[in-house]
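Participant: query_28.cif is the file, holding mmCIF, C-alpha atoms:
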data_final
loop_
_atom_site.label_atom_id
_atom_site.label_comp_id
_atom_site.auth_asym_id
_atom_site.auth_seq_id
_atom_site.Cartn_x
_atom_site.Cartn_y
_atom_site.Cartn_z
CA MET A 332 29.28 18.94 7.73
CA PRO A 333 29.08 18.96 3.92
CA GLN A 334 29.60 22.23 2.04
CA ARG A 335 27.92 21.96 -1.36
CA LYS A 336 24.36 21.02 -2.31
CA ASP A 337 25.36 17.81 -4.11
CA GLU A 338 27.32 16.85 -0.99
CA TYR A 339 24.20 17.40 1.12
CA TYR A 340 22.35 15.12 -1.25
CA GLU A 341 25.06 12.51 -0.93
CA GLU A 342 24.70 12.64 2.86
CA LEU A 343 20.97 11.89 2.55
CA ALA A 344 21.64 9.02 0.16
CA LYS A 345 24.25 7.61 2.56
CA ILE A 346 21.77 7.63 5.47
CA ILE A 347 19.10 5.91 3.35
CA ASN A 348 21.52 3.28 2.01
CA LEU A 349 22.98 2.51 5.44
CA CYS A 350 19.54 2.04 7.01
CA GLN A 351 18.32 -0.10 4.13
CA SER A 352 21.42 -2.26 4.26
CA ILE A 353 21.02 -2.84 8.02
CA ARG A 354 17.36 -3.71 7.53
CA THR A 355 17.83 -6.13 4.66
CA LYS A 356 20.92 -7.86 6.05
CA GLY A 357 19.49 -8.06 9.57
CA GLU A 358 22.58 -6.41 11.03
CA ASP A 359 22.85 -4.75 14.44
CA PRO A 360 20.54 -1.66 14.30
CA PHE A 361 22.75 0.07 16.88
CA LEU A 362 25.45 0.41 14.22
CA ILE A 363 23.79 3.67 13.23
CA ASP A 364 24.09 6.78 15.41
CA ILE A 365 20.49 8.02 15.21
CA PRO A 366 20.81 11.28 17.23
CA GLN A 367 23.75 12.36 15.08
CA LYS A 368 21.90 11.55 11.84
CA LEU A 369 18.81 13.40 13.06
CA GLN A 370 20.90 16.46 13.88
CA LEU A 371 22.35 16.33 10.38
CA LEU A 372 18.88 16.10 8.85
CA ARG A 373 17.77 19.08 10.95
CA LYS A 374 20.72 21.15 9.74
CA LEU A 375 20.10 20.22 6.12
CA LEU A 376 16.32 20.77 6.15
CA PRO A 377 16.37 24.57 5.49
CA LYS A 378 18.48 23.97 2.38
CA TRP A 379 15.83 21.83 0.66
CA LYS A 380 13.60 23.80 -1.69
CA LEU A 381 12.46 21.43 -4.41
CA ILE A 382 9.94 18.66 -4.04
CA GLU A 383 12.43 15.88 -4.85
CA GLU A 384 14.78 17.20 -2.17
CA LEU A 385 11.99 17.23 0.41
CA LEU A 386 10.91 13.74 -0.64
CA MET A 387 14.42 12.43 -0.18
CA ASP A 388 14.62 14.10 3.23
CA ALA A 389 11.32 12.44 4.17
CA GLU A 390 12.62 9.08 3.00
CA ALA A 391 15.75 9.45 5.17
CA MET A 392 13.52 10.33 8.12
CA LYS A 393 11.34 7.28 7.47
CA GLU A 394 14.40 5.01 7.32
CA LEU A 395 15.72 6.43 10.61
CA SER A 396 12.37 5.86 12.31
CA LEU A 397 12.41 2.24 11.09
CA MET A 398 15.86 1.93 12.68
CA VAL A 399 14.43 3.17 16.00
CA LYS A 400 11.76 0.45 15.75
CA LEU A 401 14.40 -2.19 15.01
CA GLN A 402 16.42 -1.00 18.02
CA SER A 403 13.34 -1.23 20.21
CA ASP A 404 12.60 -4.78 18.96
CA TRP A 405 16.22 -5.70 19.58
CA ILE A 406 16.05 -4.53 23.21
CA LYS A 407 12.74 -6.32 23.77
CA ARG A 408 14.25 -9.51 22.37
CA LYS A 409 17.30 -9.20 24.55
CA ALA A 410 15.16 -8.59 27.63
CA SER A 411 12.90 -11.56 26.83
CA GLY A 412 15.83 -13.97 27.15
CA LEU A 413 15.72 -14.86 23.46
CA PHE A 414 18.91 -12.99 22.71
CA ILE A 415 21.66 -15.33 21.68
CA ASP A 416 24.73 -14.93 19.53
CA PRO A 417 23.92 -16.18 16.00
CA PHE A 418 27.51 -17.43 15.61
CA LEU A 419 27.09 -19.66 18.67
CA ILE A 420 23.79 -21.04 17.33
CA ARG A 421 25.36 -21.65 13.94
CA ALA A 422 28.32 -23.46 15.48
CA LYS A 423 26.06 -25.62 17.65
CA ILE A 424 23.79 -26.48 14.70
CA SER A 425 26.88 -27.62 12.79
CA LEU A 426 27.91 -29.84 15.72
CA MET A 427 24.47 -31.39 16.21
CA GLY A 428 23.31 -34.42 14.28
CA LYS A 429 19.92 -34.73 12.59
CA LYS A 430 18.56 -36.75 15.52
CA GLU A 431 19.64 -34.21 18.14
CA LEU A 432 18.15 -31.33 16.14
CA ALA A 433 14.87 -33.21 15.67
CA SER A 434 14.81 -34.06 19.37
CA ALA A 435 15.40 -30.37 20.28
CA PHE A 436 12.45 -29.46 18.09
CA LEU A 437 10.16 -32.09 19.62
CA SER A 438 11.10 -30.96 23.14
CA SER A 439 9.86 -27.46 22.39
CA TRP A 440 6.93 -28.35 20.16
CA HIS A 441 3.35 -27.97 21.42
CA PRO A 442 1.25 -28.70 18.32
CA ILE A 443 -2.08 -26.98 17.77
CA VAL A 444 -5.13 -29.16 18.27
CA SER A 445 -7.62 -28.39 15.56
CA LEU A 446 -10.19 -30.24 13.52
CA GLU A 447 -11.69 -29.56 10.15
CA GLN A 448 -15.31 -30.54 9.94
CA LEU A 449 -18.08 -30.80 7.39
CA THR A 450 -21.60 -30.01 8.55
CA SER A 451 -24.80 -31.00 6.76
CA LYS A 452 -25.66 -27.28 6.39
CA LYS A 453 -22.36 -26.54 4.59
CA LEU A 454 -22.86 -29.64 2.44
CA GLU A 455 -26.29 -28.38 1.42
CA GLU A 456 -24.88 -24.94 0.60
CA ALA A 457 -22.14 -26.55 -1.49
CA LEU A 458 -24.73 -28.57 -3.39
CA ASP A 459 -26.79 -25.44 -4.10
CA TYR A 460 -23.66 -23.67 -5.29
CA TRP A 461 -22.82 -26.57 -7.61
CA ARG A 462 -26.32 -26.55 -9.07
CA ALA A 463 -26.23 -22.81 -9.71
CA LEU A 464 -22.74 -22.84 -11.19
CA ILE A 465 -22.64 -22.02 -14.91
CA PRO A 466 -20.33 -24.30 -17.00
CA LEU A 467 -16.73 -23.12 -17.14
CA SER A 468 -16.82 -22.62 -20.94
CA GLN A 469 -19.72 -20.17 -20.56
CA ARG A 470 -18.06 -18.32 -17.65
CA LEU A 471 -14.84 -17.92 -19.62
CA LYS A 472 -16.80 -16.37 -22.47
CA GLU A 473 -18.37 -13.86 -20.08
CA LEU A 474 -14.98 -13.04 -18.58
CA GLU A 475 -13.55 -12.35 -22.02
CA GLU A 476 -16.40 -9.97 -22.75
CA VAL A 477 -15.74 -8.11 -19.51
CA ARG A 478 -12.03 -7.95 -20.27
CA LYS A 479 -12.77 -6.19 -23.56
CA ILE A 480 -14.14 -3.14 -21.75
CA GLU A 481 -11.38 -2.77 -19.17
CA GLU A 482 -10.32 0.63 -17.86
CA SER A 483 -7.51 2.18 -19.89
CA THR A 484 -5.64 5.44 -20.32
CA LEU A 485 -6.58 7.75 -23.18
CA SER A 486 -3.79 9.09 -25.32
CA ILE A 487 -3.97 12.39 -27.22
CA SER A 488 -4.76 10.49 -30.42
CA ASP A 489 -7.62 8.71 -28.60
CA LEU A 490 -9.01 12.06 -27.46
CA MET A 491 -8.72 13.33 -31.00
CA LYS A 492 -10.53 10.28 -32.33
CA LEU A 493 -13.29 10.85 -29.79
CA LYS A 494 -13.48 14.48 -30.98
CA PHE A 495 -12.62 15.83 -27.53
CA LEU A 496 -9.58 17.47 -29.07
CA SER A 497 -8.52 18.30 -32.56
CA ASP A 498 -4.88 18.29 -33.56
CA ARG A 499 -4.96 22.01 -34.09
CA THR A 500 -6.79 22.83 -30.86
CA PHE A 501 -4.31 20.92 -28.71
CA GLU A 502 -1.28 22.55 -30.33
CA GLU A 503 -2.94 25.94 -30.11
CA GLU A 504 -3.86 25.46 -26.45
CA LEU A 505 -0.33 24.28 -25.68
CA LEU A 506 1.19 27.37 -27.29
CA ARG A 507 -1.36 29.66 -25.67
CA MET A 508 -0.56 28.30 -22.21
CA LYS A 509 3.18 28.56 -22.84
CA GLU A 510 2.60 32.18 -23.77
CA GLU A 511 0.70 32.64 -20.52
CA LEU A 512 3.57 31.17 -18.55
CA LYS A 513 6.29 32.92 -20.52
CA ASN A 514 6.56 35.89 -18.20
CA LEU A 515 6.32 33.86 -15.03
CA LYS A 516 8.74 35.35 -12.50
CA GLU A 517 7.20 34.40 -9.16
CA PRO A 518 5.73 31.05 -8.11
CA ILE A 519 1.98 30.86 -8.64
CA ASP A 520 -0.57 28.59 -7.06
CA TYR A 521 -1.34 25.55 -9.21
CA TRP A 522 -5.09 25.63 -8.55
CA LYS A 523 -5.37 29.38 -9.14
CA PHE A 524 -3.77 28.86 -12.52
CA VAL A 525 -5.70 25.77 -13.57
CA VAL A 526 -9.22 26.36 -12.25
CA LYS A 527 -11.60 28.13 -14.64
CA GLU A 528 -15.30 28.89 -14.49
CA ASP A 529 -16.29 25.70 -16.29
CA TYR A 530 -15.22 22.17 -15.40
CA GLU A 531 -14.22 21.16 -18.98
CA SER A 532 -11.78 24.05 -19.36
CA THR A 533 -10.25 23.23 -15.98
CA ILE A 534 -9.64 19.62 -17.01
CA LEU A 535 -8.17 20.74 -20.33
CA ARG A 536 -5.85 23.24 -18.61
CA ALA A 537 -4.65 20.64 -16.08
CA TYR A 538 -4.04 18.18 -18.90
CA ILE A 539 -2.10 20.65 -21.05
CA LEU A 540 -0.12 21.94 -18.07
CA SER A 541 1.04 18.38 -17.32
CA PHE A 542 2.63 18.28 -20.78
CA ILE A 543 4.29 21.65 -20.27
CA ILE A 544 5.73 20.52 -16.90
CA SER A 545 6.98 17.26 -18.44
CA GLU A 546 8.72 19.30 -21.15
CA GLY A 547 10.52 21.22 -18.39
CA TYR A 548 9.07 24.54 -19.52
CA VAL A 549 8.02 25.22 -15.90
CA ASP A 550 8.64 23.40 -12.61
CA LEU A 551 6.26 22.15 -9.99
CA MET A 552 6.90 22.43 -6.27
CA PHE A 553 4.95 21.05 -3.34
CA ASN A 554 5.15 23.05 -0.13
CA PRO A 555 4.43 20.43 2.57
CA ILE A 556 4.00 23.01 5.35
CA GLU A 557 1.32 25.04 3.62
CA GLU A 558 0.20 22.04 1.56
CA ARG A 559 0.32 24.14 -1.59
CA ILE A 560 1.33 23.15 -5.08
CA LEU A 561 3.24 25.91 -6.87
CA ILE A 562 4.21 26.47 -10.48
CA LEU A 563 7.72 27.89 -10.73
CA PRO A 564 9.72 29.36 -13.59
CA SER A 565 11.91 26.64 -15.04
CA SER A 566 15.44 26.38 -13.66
CA ALA A 567 17.09 24.86 -16.72
CA SER A 568 20.61 25.07 -15.34
CA LYS A 569 19.91 22.58 -12.54
CA LYS A 570 20.13 18.92 -13.34
CA LYS A 571 17.32 17.16 -11.57
CA THR A 572 15.99 13.67 -11.44
CA PRO A 573 12.49 13.73 -12.94
CA ARG A 574 9.75 12.54 -10.58
CA SER A 575 6.11 11.99 -11.25
CA PHE A 576 3.69 13.85 -9.02
CA PRO A 577 0.05 12.89 -9.41
CA ILE A 578 -2.58 15.60 -8.89
CA ALA A 579 -6.18 14.42 -8.92
CA VAL A 580 -8.55 16.82 -10.64
CA ASN A 581 -12.17 15.80 -10.29
CA TYR A 582 -15.53 17.51 -10.12
CA GLU A 583 -15.52 17.87 -6.30
CA LYS A 584 -12.02 19.34 -6.32
CA TRP A 585 -12.99 21.78 -9.07
CA MET A 586 -16.07 22.92 -7.08
CA GLU A 587 -14.01 23.29 -3.91
CA LYS A 588 -11.28 25.33 -5.58
CA LYS A 589 -13.76 27.44 -7.51
CA ASN A 590 -15.62 28.30 -4.29
CA GLU A 591 -12.33 29.06 -2.53
CA ARG A 592 -11.46 31.49 -5.30
CA ARG A 593 -14.81 33.22 -5.03
CA GLY A 594 -14.86 33.15 -1.26
CA MET B 366 -31.67 -19.46 33.03
CA ASN B 367 -29.59 -21.05 35.75
CA GLU B 368 -26.09 -19.50 35.97
CA GLU B 369 -24.45 -22.92 35.89
CA VAL B 370 -26.26 -23.89 32.70
CA LYS B 371 -25.30 -20.57 31.14
CA ILE B 372 -21.61 -21.11 31.90
CA SER B 373 -21.75 -24.68 30.71
CA ARG B 374 -23.22 -23.54 27.36
CA LYS B 375 -20.56 -20.87 27.00
CA LEU B 376 -17.84 -23.42 27.73
CA ARG B 377 -19.15 -25.68 24.98
CA ARG B 378 -19.36 -22.75 22.56
CA ALA B 379 -15.79 -21.67 23.38
CA ALA B 380 -14.48 -25.23 22.93
CA LEU B 381 -16.16 -25.50 19.52
CA LEU B 382 -14.79 -22.14 18.39
CA LEU B 383 -11.27 -23.05 19.46
CA LEU B 384 -11.13 -26.67 18.35
CA PHE B 385 -12.96 -26.59 15.03
CA GLN B 386 -11.30 -24.67 12.25
CA HIS B 387 -13.71 -22.10 10.85
CA HIS B 388 -11.23 -19.81 9.05
CA ARG B 389 -8.06 -20.22 7.02
CA LEU B 390 -6.17 -20.44 10.32
CA PRO B 391 -7.08 -22.59 13.31
CA GLY B 392 -8.18 -21.12 16.64
CA ALA B 393 -10.15 -17.91 17.11
CA LYS B 394 -9.47 -14.21 17.52
CA GLY B 395 -10.22 -12.51 20.85
CA TRP B 396 -12.96 -10.36 19.31
CA GLU B 397 -14.70 -13.48 17.94
CA LEU B 398 -14.71 -15.03 21.41
CA ARG B 399 -16.01 -11.80 22.93
CA LYS B 400 -18.80 -11.70 20.36
CA ALA B 401 -19.78 -15.30 21.08
CA LEU B 402 -19.24 -15.41 24.85
CA GLY B 403 -19.79 -11.86 26.03
CA LYS B 404 -17.48 -9.26 27.49
CA ASP B 405 -16.28 -11.56 30.30
CA TYR B 406 -15.00 -14.07 27.78
CA MET B 407 -11.59 -14.29 29.46
CA LYS B 408 -13.22 -15.87 32.52
CA ILE B 409 -14.77 -18.58 30.32
CA ILE B 410 -11.41 -19.10 28.59
CA LYS B 411 -9.68 -19.57 31.97
CA LEU B 412 -12.35 -22.05 33.01
CA LEU B 413 -12.05 -23.96 29.74
CA ASN B 414 -8.27 -23.98 30.13
CA ARG B 415 -8.64 -25.75 33.48
CA ARG B 416 -10.86 -28.41 31.88
CA LEU B 417 -8.47 -28.88 28.96
CA GLU B 418 -5.50 -29.29 31.30
CA GLU B 419 -7.02 -32.56 32.48
CA LEU B 420 -6.68 -33.79 28.89
CA GLY B 421 -3.07 -32.62 28.53
CA LEU B 422 -4.10 -29.58 26.46
CA GLU B 423 -4.01 -25.84 27.11
CA ILE B 424 -5.12 -22.56 25.56
CA LYS B 425 -2.31 -20.51 24.11
CA ILE B 426 -2.78 -16.80 23.42
CA VAL B 427 -0.56 -15.38 20.69
CA HIS B 428 -0.43 -11.58 20.71
CA GLU B 429 0.35 -9.52 17.64
CA SER B 430 3.30 -7.86 19.38
CA GLY B 431 5.38 -8.61 22.42
CA SER B 432 4.63 -6.47 25.48
CA GLU B 433 4.88 -6.51 29.25
CA GLU B 434 1.21 -5.84 29.85
CA TYR B 435 -1.71 -6.42 27.54
CA THR B 436 -4.80 -4.28 27.28
CA GLU B 437 -8.32 -5.43 26.49
CA GLU B 438 -7.76 -4.36 22.88
CA ASP B 439 -4.58 -6.45 22.69
CA PHE B 440 -6.58 -9.51 23.76
CA ASP B 441 -9.22 -8.70 21.14
CA ARG B 442 -6.58 -8.72 18.43
CA ALA B 443 -4.73 -11.81 19.76
CA ARG B 444 -5.35 -15.32 18.43
CA PHE B 445 -6.34 -18.11 20.81
CA TYR B 446 -5.32 -21.71 20.07
CA VAL B 447 -5.62 -25.04 21.85
CA VAL B 448 -2.18 -26.69 21.98
CA CYS B 449 -0.64 -29.79 23.60
CA LYS B 450 0.54 -28.84 27.08
CA SER B 451 3.54 -31.15 27.11
CA PRO B 452 5.99 -31.26 24.25
CA ALA B 453 4.85 -33.58 21.50
CA ILE B 454 6.15 -37.08 21.10
CA GLU B 455 7.87 -38.01 17.85
CA GLU B 456 5.05 -40.26 16.65
CA LEU B 457 2.67 -37.30 16.60
CA SER B 458 4.60 -35.30 14.06
CA GLY B 459 4.31 -37.64 11.09
CA TRP B 460 7.38 -36.00 9.61
CA ARG B 461 10.74 -37.45 8.71
CA ILE B 462 13.44 -36.85 11.28
CA ASP B 463 15.59 -34.93 8.78
CA SER B 464 12.71 -32.55 8.00
CA LEU B 465 12.32 -31.85 11.72
CA ALA B 466 16.07 -31.15 11.86
CA VAL B 467 15.77 -28.68 8.95
CA LEU B 468 12.93 -26.89 10.75
CA ALA B 469 14.71 -26.82 14.13
CA ALA B 470 17.91 -25.41 12.61
CA SER B 471 16.03 -22.81 10.52
CA ILE B 472 13.87 -21.56 13.40
CA ALA B 473 16.79 -21.37 15.87
CA TYR B 474 18.96 -19.49 13.37
CA ILE B 475 16.18 -17.04 12.46
CA ILE B 476 15.50 -16.29 16.16
CA SER B 477 19.20 -15.71 16.81
CA LYS B 478 19.25 -13.22 13.90
CA GLN B 479 16.53 -11.02 15.46
CA GLY B 480 13.68 -12.82 13.73
CA ARG B 481 14.75 -12.21 10.13
CA VAL B 482 17.42 -13.65 7.89
CA ASN B 483 17.99 -13.93 4.18
CA ARG B 484 16.89 -17.29 2.79
CA SER B 485 20.27 -17.82 1.10
CA GLU B 486 21.96 -17.62 4.52
CA VAL B 487 19.69 -20.33 5.95
CA GLU B 488 20.23 -22.45 2.86
CA GLU B 489 23.98 -22.08 3.24
CA LEU B 490 23.77 -23.21 6.88
CA LEU B 491 21.61 -26.22 5.99
CA ARG B 492 23.83 -27.19 3.04
CA GLU B 493 26.41 -28.48 5.53
CA LYS B 494 24.08 -31.40 6.26
CA PHE B 495 21.44 -31.63 3.55
CA PRO B 496 21.31 -31.72 -0.27
CA ASP B 497 19.94 -28.69 -2.16
CA TRP B 498 16.73 -30.40 -3.32
CA LYS B 499 15.83 -31.34 0.26
CA ILE B 500 16.47 -27.82 1.59
CA GLU B 501 14.36 -26.28 -1.17
CA TYR B 502 11.53 -28.77 -0.67
CA ASP B 503 11.48 -28.54 3.14
CA LEU B 504 11.74 -24.75 3.36
CA ASN B 505 8.89 -24.30 0.87
CA ASN B 506 6.84 -26.89 2.74
CA PHE B 507 7.35 -25.14 6.09
CA ILE B 508 6.50 -21.77 4.54
CA ARG B 509 3.25 -23.28 3.19
CA ARG B 510 2.40 -24.74 6.58
CA GLY B 511 2.98 -21.42 8.37
CA TYR B 512 6.09 -22.37 10.37
CA LEU B 513 8.18 -19.92 8.36
CA SER B 514 7.27 -16.96 6.19
CA GLU B 515 9.12 -15.29 3.34
CA ASP B 516 8.86 -11.75 1.95
CA ASP B 517 9.41 -10.51 -1.59
CA SER B 518 13.06 -9.69 -0.85
CA GLY B 519 13.80 -13.32 0.03
CA ASN B 520 13.97 -12.82 3.81
CA LEU B 521 12.74 -15.60 6.07
CA TYR B 522 10.75 -14.89 9.24
CA ILE B 523 9.12 -16.89 12.00
CA GLY B 524 5.65 -17.91 10.82
CA TRP B 525 2.33 -17.76 12.70
CA ARG B 526 2.40 -21.49 13.48
CA THR B 527 5.86 -21.31 15.07
CA ARG B 528 4.64 -18.47 17.29
CA ALA B 529 1.74 -20.64 18.39
CA GLU B 530 3.43 -24.03 18.69
CA ILE B 531 7.11 -23.64 19.48
CA ASP B 532 8.56 -22.76 22.85
CA LYS B 533 11.35 -20.68 21.33
CA LYS B 534 13.23 -20.24 24.58
CA THR B 535 13.41 -23.99 25.18
CA LEU B 536 14.54 -24.65 21.61
CA LEU B 537 17.33 -22.09 21.87
CA GLU B 538 18.41 -23.33 25.31
CA ILE B 539 18.68 -26.92 24.06
CA ILE B 540 20.66 -25.96 20.96
CA ALA B 541 22.91 -23.42 22.68
CA GLY B 542 23.55 -25.82 25.57
CA TYR B 543 24.44 -28.76 23.33
CA PHE B 544 27.77 -30.45 23.91
CA PRO B 545 28.72 -33.42 21.78
CA SER B 546 28.93 -36.63 23.81
CA GLU B 547 32.09 -38.73 23.64
CA GLU B 548 30.25 -41.20 21.46
CA ASN B 549 29.36 -38.47 18.98
CA GLN B 550 32.86 -37.04 19.00
CA LYS B 551 34.30 -40.45 18.09
CA LEU B 552 31.90 -40.62 15.14
#
I need this file expressed as structure tokens, please.

Facilitator:
Amino acid sequence: MPQRKDEYYEELAKIINLCQSIRTKGEDPFLIDIPQKLQLLRKLLPKWKLIEELLMDAEAMKELSLMVKLQSDWIKRKASGLFIDPFLIRAKISLMGKKELASAFLSSWHPIVSLEQLTSKKLEEALDYWRALIPLSQRLKELEEVRKIEESTLSISDLMKLKFLSDRTFEEELLRMKEELKNLKEPIDYWKFVVKEDYESTILRAYILSFIISEGYVDLMFNPIEERILILPSSASKKKTPRSFPIAVNYEKWMEKKNERRG
Amino acid sequence: MNEEVKISRKLRRAALLLLFQHHRLPGAKGWELRKALGKDYMKIIKLLNRRLEELGLEIKIVHESGSEEYTEEDFDRARFYVVCKSPAIEELSGWRIDSLAVLAASIAYIISKQGRVNRSEVEELLREKFPDWKIEYDLNNFIRRGYLSEDDSGNLYIGWRTRAEIDKKTLLEIIAGYFPSEENQKL
């Protein structure tokens, strides 16, 4: 049993790597002792606090469950009489000539009987389609026009250009929120912090908070049991791997959270 | 309508659905047959199978997963094909003998490796007998035709057509039970 937190992490990484290696190389899935690994995961679970730790734990669990599936497939294969040592097959293939291999194939080959047909109805439909089809040059032009108005992400400068934000407002809002979070000692609920009486302010707060989290000024934690997102005071001393965590804020969500707060 | 006429119509409908390709893949799904023939479609399929047997053909049902017993839902999701009952004769294939050898070796090796193997491993095995260009060409051709399939990580699998057309057990038995004759050994 590992002693330190980075050793626990290493254990998780080992489980994930071992499972992935077995899966990709097609090795014997019984090489891994699943009950022992599950026991280890169970012992380590209470030690995970941060979202990236829980995500890694979930990944290890997913890999182990895939191993169980591989083991089940392996047993089914063995029971179906299709289990045969790959080394034996390889050796026999090397011994066999082209003719013998082709003959083995033909002896086990039952080709599908299928016809492709053209009906007068389909031919008529095809003719109608051809008549209605706009010339390629014209269609390309239309496609280019559509491409011009593709969906894209707005940057801060775009928002400023569109007068949604001014340089000063954004900086001011950023500082104001940092001030708000300065004395944060206990974790607070993300939605309680972000949701305001009007939708626009809520969006702006969520947007600004994402910058503050990216800066590492505060941390974000997802509690999978309660399904709550929490804002935590930053733990600068810990070295963590940054992970992106998308949170969708839309009108319905805002209404729901606002009502919850009132209710 | 007379019961006999009804059955005869359903038989014709089932034969058309199974023999004429109406999707990207040949054959028909169980749910399509149920929709066209009614909930007792399996009875019609059994009847059609008996008629096809006289012509040396049979209906093969390929399930999505291997199981001991299949439920009604499993049959709905399965694909039904008409295949040759007896193994095909060489003239039917239209392929070169060395391409058939590439396919036989690849399929047998993939099955022995639990249904999945890295393409480079198959290529290495085939390189003992065939040049690189031939291996590349044939493997890609068999992937296109559905005998093999390949994922983004470069692993080869058994394709949908192999599941429908190849008696995997027979293929493995022939290859595993091969002993070189004296004539071959002298060569």

Participant: With chain B as the partner and 8 Å as the cut-off, tabulate the residues of chain A that qualify, each row holding the nearest pair of atoms and their distance in Å to one decimal, using only C-alpha atoms, sorted by chain and rising number, as a Markdown table.

Facilitator:
| residue | atom | partner | partner_atom | distance |
| --- | --- | --- | --- | --- |
| A:Thr355 | CA | B:Asn520 | CA | 7.8 |
| A:Lys356 | CA | B:Asn483 | CA | 7.0 |
| A:Gly357 | CA | B:Val482 | CA | 6.2 |
| A:Trp405 | CA | B:Gln479 | CA | 6.7 |
| A:Lys407 | CA | B:Gly431 | CA | 7.8 |
| A:Arg408 | CA | B:Gln479 | CA | 7.4 |
| A:Gly412 | CA | B:Lys534 | CA | 7.3 |
| A:Leu413 | CA | B:Lys534 | CA | 6.0 |
| A:Phe414 | CA | B:Ser477 | CA | 6.5 |
| A:Ile415 | CA | B:Ser477 | CA | 5.5 |
| A:Asp416 | CA | B:Ser477 | CA | 6.2 |
| A:Pro417 | CA | B:Ser477 | CA | 4.8 |
| A:Leu419 | CA | B:Ala541 | CA | 6.9 |
| A:Ile420 | CA | B:Ala541 | CA | 5.9 |
| A:Arg421 | CA | B:Tyr474 | CA | 6.8 |
| A:Lys423 | CA | B:Ala541 | CA | 6.3 |
| A:Ile424 | CA | B:Ala470 | CA | 6.3 |
| A:Ser425 | CA | B:Glu493 | CA | 7.3 |
| A:Leu426 | CA | B:Pro545 | CA | 7.1 |
| A:Met427 | CA | B:Pro545 | CA | 7.3 |
| A:Lys429 | CA | B:Ala466 | CA | 5.3 |
| A:Lys430 | CA | B:Ile462 | CA | 6.6 |
| A:Glu431 | CA | B:Ala466 | CA | 7.8 |
| A:Leu432 | CA | B:Ala466 | CA | 4.8 |
| A:Ala433 | CA | B:Ala466 | CA | 4.5 |
| A:Ala435 | CA | B:Leu536 | CA | 5.9 |
| A:Phe436 | CA | B:Ala469 | CA | 5.3 |
| A:Leu437 | CA | B:Ala453 | CA | 5.8 |
| A:Ser438 | CA | B:Pro452 | CA | 5.2 |
| A:Ser439 | CA | B:Asp532 | CA | 4.9 |
| A:Trp440 | CA | B:Ile531 | CA | 4.8 |
| A:His441 | CA | B:Glu530 | CA | 4.8 |
| A:Pro442 | CA | B:Glu530 | CA | 5.2 |
| A:Ile443 | CA | B:Val448 | CA | 4.2 |
| A:Val444 | CA | B:Val448 | CA | 5.3 |
| A:Ser445 | CA | B:Leu384 | CA | 4.8 |
| A:Leu446 | CA | B:Phe385 | CA | 4.8 |
| A:Glu447 | CA | B:Gln386 | CA | 5.3 |
| A:Gln448 | CA | B:Phe385 | CA | 6.9 |

Participant: Using only C-alpha atoms, pick whichever of A:Lys336, A:Arg462, A:Lys452, A:Lys588 has the shortest atom-to-atom distance to Asp529 in chain A.

Facilitator: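 The closest residue to Asp529 in chain A is A:Lys588.
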
Participant: Given the PyMOL selection byres ((chain B and resi 379) around 8) and the file above, list the residues it selects as a list in words.

Facilitator: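 Evaluating the PyMOL selection byres ((chain B and resi 379) around 8) on this file yields Lys375, Leu376, Arg377, Arg378, Ala380, Leu381, Leu382, Leu383, Leu398, Ala401, Leu402, Ile409, Ile410 and Leu413 of chain B.
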
Participant: Care to translate the PyMOL selection byres ((chain B and resi 497-511) around 6) into actual residues of this file, as a list in words?

Facilitator: Pro496, Tyr512, Leu513, Ser514, Gly524, Trp525 and Arg526 of chain B

Participant: How many Å lie between CA of Trp585 in chain A and CA of Lys509 in chain A, rounded to one decimal?

Facilitator: 22.3 Å
